[in-house]
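One file, entry_12.txt, is given below (compact mmCIF, C-alpha atoms).
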# COMPACT_ATOMS: atom_id res chain seq x y z
CA MET A 34 0.00 0.00 0.00
CA LEU A 35 1.24 3.44 -0.92
CA LYS A 36 1.27 5.96 1.90
CA ILE A 37 1.27 9.64 1.06
CA ARG A 38 2.17 11.87 3.97
CA ARG A 39 0.83 15.35 4.63
CA PRO A 40 4.07 17.12 3.50
CA GLN A 41 3.94 15.21 0.21
CA ILE A 42 0.29 16.13 -0.31
CA GLU A 43 1.10 19.78 0.42
CA ALA A 44 4.04 19.73 -1.98
CA LEU A 45 1.88 18.26 -4.75
CA ALA A 46 -0.88 20.80 -4.05
CA ASN A 47 1.64 23.66 -4.21
CA LEU A 48 3.04 22.35 -7.48
CA SER A 49 -0.45 22.04 -8.94
CA ARG A 50 -1.32 25.57 -7.82
CA ARG A 51 1.88 27.04 -9.31
CA ARG A 52 1.17 25.29 -12.61
CA PHE A 53 -2.41 26.55 -12.62
CA ILE A 54 -1.30 30.13 -11.87
CA ALA A 55 1.25 29.97 -14.71
CA SER A 56 -1.33 28.64 -17.17
CA ALA A 57 -3.87 31.24 -15.98
CA ILE A 58 -1.37 34.03 -16.71
CA VAL A 59 -0.91 32.71 -20.25
CA HIS A 60 -4.68 32.38 -20.62
CA LEU A 61 -5.32 35.97 -19.51
CA ARG A 62 -2.67 37.32 -21.86
CA ASP A 63 -4.38 35.47 -24.71
CA ALA A 64 -7.93 36.40 -23.67
CA HIS A 65 -7.25 40.05 -22.73
CA PRO A 66 -3.98 41.15 -24.35
CA GLU A 67 -4.95 44.82 -24.09
CA ARG A 68 -4.74 44.54 -20.31
CA TRP A 69 -2.12 41.85 -19.69
CA ALA A 70 0.31 41.67 -22.64
CA GLU A 71 2.64 44.34 -21.26
CA ALA A 72 2.08 43.68 -17.55
CA PRO A 73 5.12 42.27 -15.73
CA ASP A 74 4.89 38.62 -14.66
CA ASP A 75 5.05 39.47 -10.96
CA VAL A 76 2.16 41.95 -11.23
CA THR A 77 0.01 39.58 -13.28
CA GLY A 78 0.92 36.64 -11.05
CA ALA A 79 0.00 38.52 -7.88
CA TRP A 80 -3.35 39.57 -9.38
CA VAL A 81 -4.10 36.01 -10.50
CA GLU A 82 -3.17 34.56 -7.11
CA ARG A 83 -5.40 37.06 -5.31
CA ARG A 84 -8.33 36.43 -7.66
CA VAL A 85 -7.92 32.63 -7.47
CA ALA A 86 -7.94 32.83 -3.67
CA ARG A 87 -11.11 34.92 -3.87
CA GLY A 88 -12.70 32.47 -6.32
CA LEU A 89 -11.96 29.60 -3.95
CA GLU A 90 -13.52 31.56 -1.08
CA LEU A 91 -16.62 31.94 -3.24
CA GLY A 92 -16.82 28.20 -3.80
CA LEU A 93 -15.33 27.95 -7.29
CA VAL A 94 -13.22 24.81 -7.27
CA GLU A 95 -13.05 23.66 -10.88
CA GLU A 96 -10.24 25.06 -12.98
CA VAL A 97 -12.60 26.13 -15.77
CA SER A 98 -14.74 28.10 -13.30
CA LEU A 99 -11.68 29.76 -11.80
CA LEU A 100 -10.39 30.69 -15.26
CA ARG A 101 -13.76 32.20 -16.17
CA HIS A 102 -13.79 34.05 -12.84
CA LEU A 103 -10.43 35.58 -13.82
CA GLU A 104 -11.82 36.52 -17.22
CA VAL A 105 -14.88 38.18 -15.71
CA ALA A 106 -12.75 40.15 -13.23
CA SER A 107 -10.39 41.18 -16.02
CA HIS A 108 -13.05 42.03 -18.60
CA PHE A 109 -15.66 43.70 -16.37
CA ASP A 110 -14.44 44.42 -12.85
CA GLU A 111 -13.58 42.58 -9.67
CA ARG A 112 -16.68 43.69 -7.76
CA PHE A 113 -18.94 42.25 -10.47
CA ALA A 114 -16.86 39.04 -10.63
CA ASP A 115 -17.62 38.53 -6.93
CA SER A 116 -21.34 39.33 -7.28
CA ASP A 117 -24.11 36.78 -6.79
CA ASP A 118 -25.07 37.15 -10.47
CA ALA A 119 -21.60 36.31 -11.77
CA ILE A 120 -20.99 33.53 -9.25
CA GLY A 121 -24.36 31.99 -10.10
CA VAL A 122 -23.34 31.76 -13.75
CA LEU A 123 -19.85 30.49 -12.92
CA HIS A 124 -21.24 27.74 -10.68
CA ASN A 125 -23.45 26.55 -13.56
CA LEU A 126 -21.00 26.54 -16.48
CA GLU A 127 -21.51 22.84 -17.05
CA GLU A 128 -25.25 23.33 -17.42
CA LEU A 129 -24.75 26.28 -19.77
CA GLN A 130 -22.41 24.06 -21.85
CA SER A 131 -20.63 26.66 -23.93
CA TRP A 132 -18.61 29.82 -23.82
CA PRO A 133 -18.94 32.71 -24.86
CA GLU A 134 -22.68 32.42 -24.31
CA PRO A 135 -22.13 32.65 -20.54
CA MET A 136 -20.00 35.75 -21.19
CA ASP A 137 -22.92 37.28 -23.11
CA LEU A 138 -25.18 36.49 -20.16
CA LEU A 139 -22.66 38.05 -17.79
CA ALA A 140 -22.41 41.13 -20.01
CA SER A 141 -26.17 41.58 -19.86
CA LEU A 142 -26.11 41.13 -16.07
CA TYR A 143 -23.20 43.56 -15.75
CA GLY A 144 -25.16 46.28 -17.53
CA SER A 145 -28.44 45.57 -15.75
CA PRO A 146 -30.07 48.22 -13.55
CA ALA A 147 -29.41 46.09 -10.45
CA GLU A 148 -25.67 46.59 -10.95
CA ILE A 149 -25.77 50.32 -11.71
As structure tokens, what does this structure read like?
Amino acid sequence: MLKIRRPQIEALANLSRRRFIASAIVHLRDAHPERWAEAPDDVTGAWVERRVARGLELGLVEEVSLLRHLEVASHFDERFADSDDAIGVLHNLEELQSWPEPMDLLASLYGSPAEI
């Protein structure tokens, strides 16, 4: 039987998180080059880490949901990305099945009178 100790689990989790952060930075630079193409890696990385931590606090645990959370925060604003409307959409990505349709839905929610 293979035994994995707590320090090994933590090391694997840290490695996985670092890889996700690195791929998220690349993703944001592709998705929103006007905002992120010229930003230094440390600035972008710090922003991504902060937003991922916030996404986890909001119950987003799947990588795709966290990536979309980053996109929403980058494209619209961070306050809207944390709103009940945005989180409701991000929790139901699987049911919505495709992207950018959820982004269109988020855009309509972002401009709705409830947000103004």
Separation of CA of Val76 in chain A from CA of Leu103 in chain A, in Å and rounded to one decimal: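 Interatomic distance here is 14.3 Å.
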How far is it from CA of Ile58 in chain A to CA of Arg84 in chain A, in Å with one decimal? 11.7 Å
Please return as a count of residues only every residue within 12 Å of (-19.8, 34.5, -9.1), taking into account all atoms listed in the file and the file's own coordinates. 39
Shell of 12 Å around Val59 in chain A, all atoms listed in the file, local chain residues under 6 positions omitted, as an MDAnalysis selection string: chainID A and resid 52:53 65:66 69:70 72 74 77:78 81 100 103:104
Quick one, how far is CA of Glu96 in chain A from CA of Ala64 in chain A?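 Interatomic distance here is 15.8 Å.
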Quick one: range 66-80 of chain A with N, CA, C and O atoms, as a compact mmCIF listing (two decimals), in the frame of the given file?
# COMPACT_ATOMS: atom_id res chain seq x y z
N PRO A 66 -5.33 40.62 -24.13
CA PRO A 66 -3.98 41.15 -24.35
C PRO A 66 -3.89 42.66 -24.10
O PRO A 66 -2.83 43.15 -23.69
N GLU A 67 -4.98 43.36 -24.31
CA GLU A 67 -4.95 44.82 -24.09
C GLU A 67 -4.64 45.17 -22.64
O GLU A 67 -4.09 46.23 -22.35
N ARG A 68 -4.99 44.28 -21.73
CA ARG A 68 -4.74 44.54 -20.31
C ARG A 68 -3.47 43.87 -19.80
O ARG A 68 -2.78 44.42 -18.95
N TRP A 69 -3.15 42.67 -20.32
CA TRP A 69 -2.12 41.85 -19.69
C TRP A 69 -0.85 41.65 -20.51
O TRP A 69 0.15 41.20 -19.96
N ALA A 70 -0.86 41.97 -21.80
CA ALA A 70 0.31 41.67 -22.64
C ALA A 70 1.58 42.35 -22.14
O ALA A 70 2.65 41.76 -22.17
N GLU A 71 1.45 43.58 -21.69
CA GLU A 71 2.64 44.34 -21.26
C GLU A 71 2.86 44.31 -19.75
O GLU A 71 3.86 44.83 -19.26
N ALA A 72 1.95 43.71 -19.02
CA ALA A 72 2.08 43.68 -17.55
C ALA A 72 3.22 42.74 -17.15
O ALA A 72 3.35 41.65 -17.70
N PRO A 73 4.04 43.15 -16.19
CA PRO A 73 5.12 42.27 -15.73
C PRO A 73 4.56 40.99 -15.10
O PRO A 73 3.46 40.99 -14.54
N ASP A 74 5.32 39.92 -15.20
CA ASP A 74 4.89 38.62 -14.66
C ASP A 74 4.54 38.69 -13.18
O ASP A 74 3.55 38.09 -12.76
N ASP A 75 5.32 39.44 -12.40
CA ASP A 75 5.05 39.47 -10.96
C ASP A 75 3.74 40.18 -10.66
O ASP A 75 2.98 39.77 -9.77
N VAL A 76 3.42 41.22 -11.42
CA VAL A 76 2.16 41.95 -11.23
C VAL A 76 0.98 41.06 -11.63
O VAL A 76 0.00 40.93 -10.89
N THR A 77 1.08 40.46 -12.80
CA THR A 77 0.01 39.58 -13.28
C THR A 77 -0.15 38.38 -12.34
O THR A 77 -1.27 38.01 -11.98
N GLY A 78 0.96 37.79 -11.95
CA GLY A 78 0.92 36.64 -11.05
C GLY A 78 0.27 36.96 -9.72
O GLY A 78 -0.54 36.18 -9.21
N ALA A 79 0.59 38.12 -9.16
CA ALA A 79 0.00 38.52 -7.88
C ALA A 79 -1.50 38.73 -8.02
O ALA A 79 -2.29 38.33 -7.15
N TRP A 80 -1.92 39.35 -9.13
CA TRP A 80 -3.35 39.57 -9.38
C TRP A 80 -4.07 38.23 -9.51
O TRP A 80 -5.13 38.02 -8.93
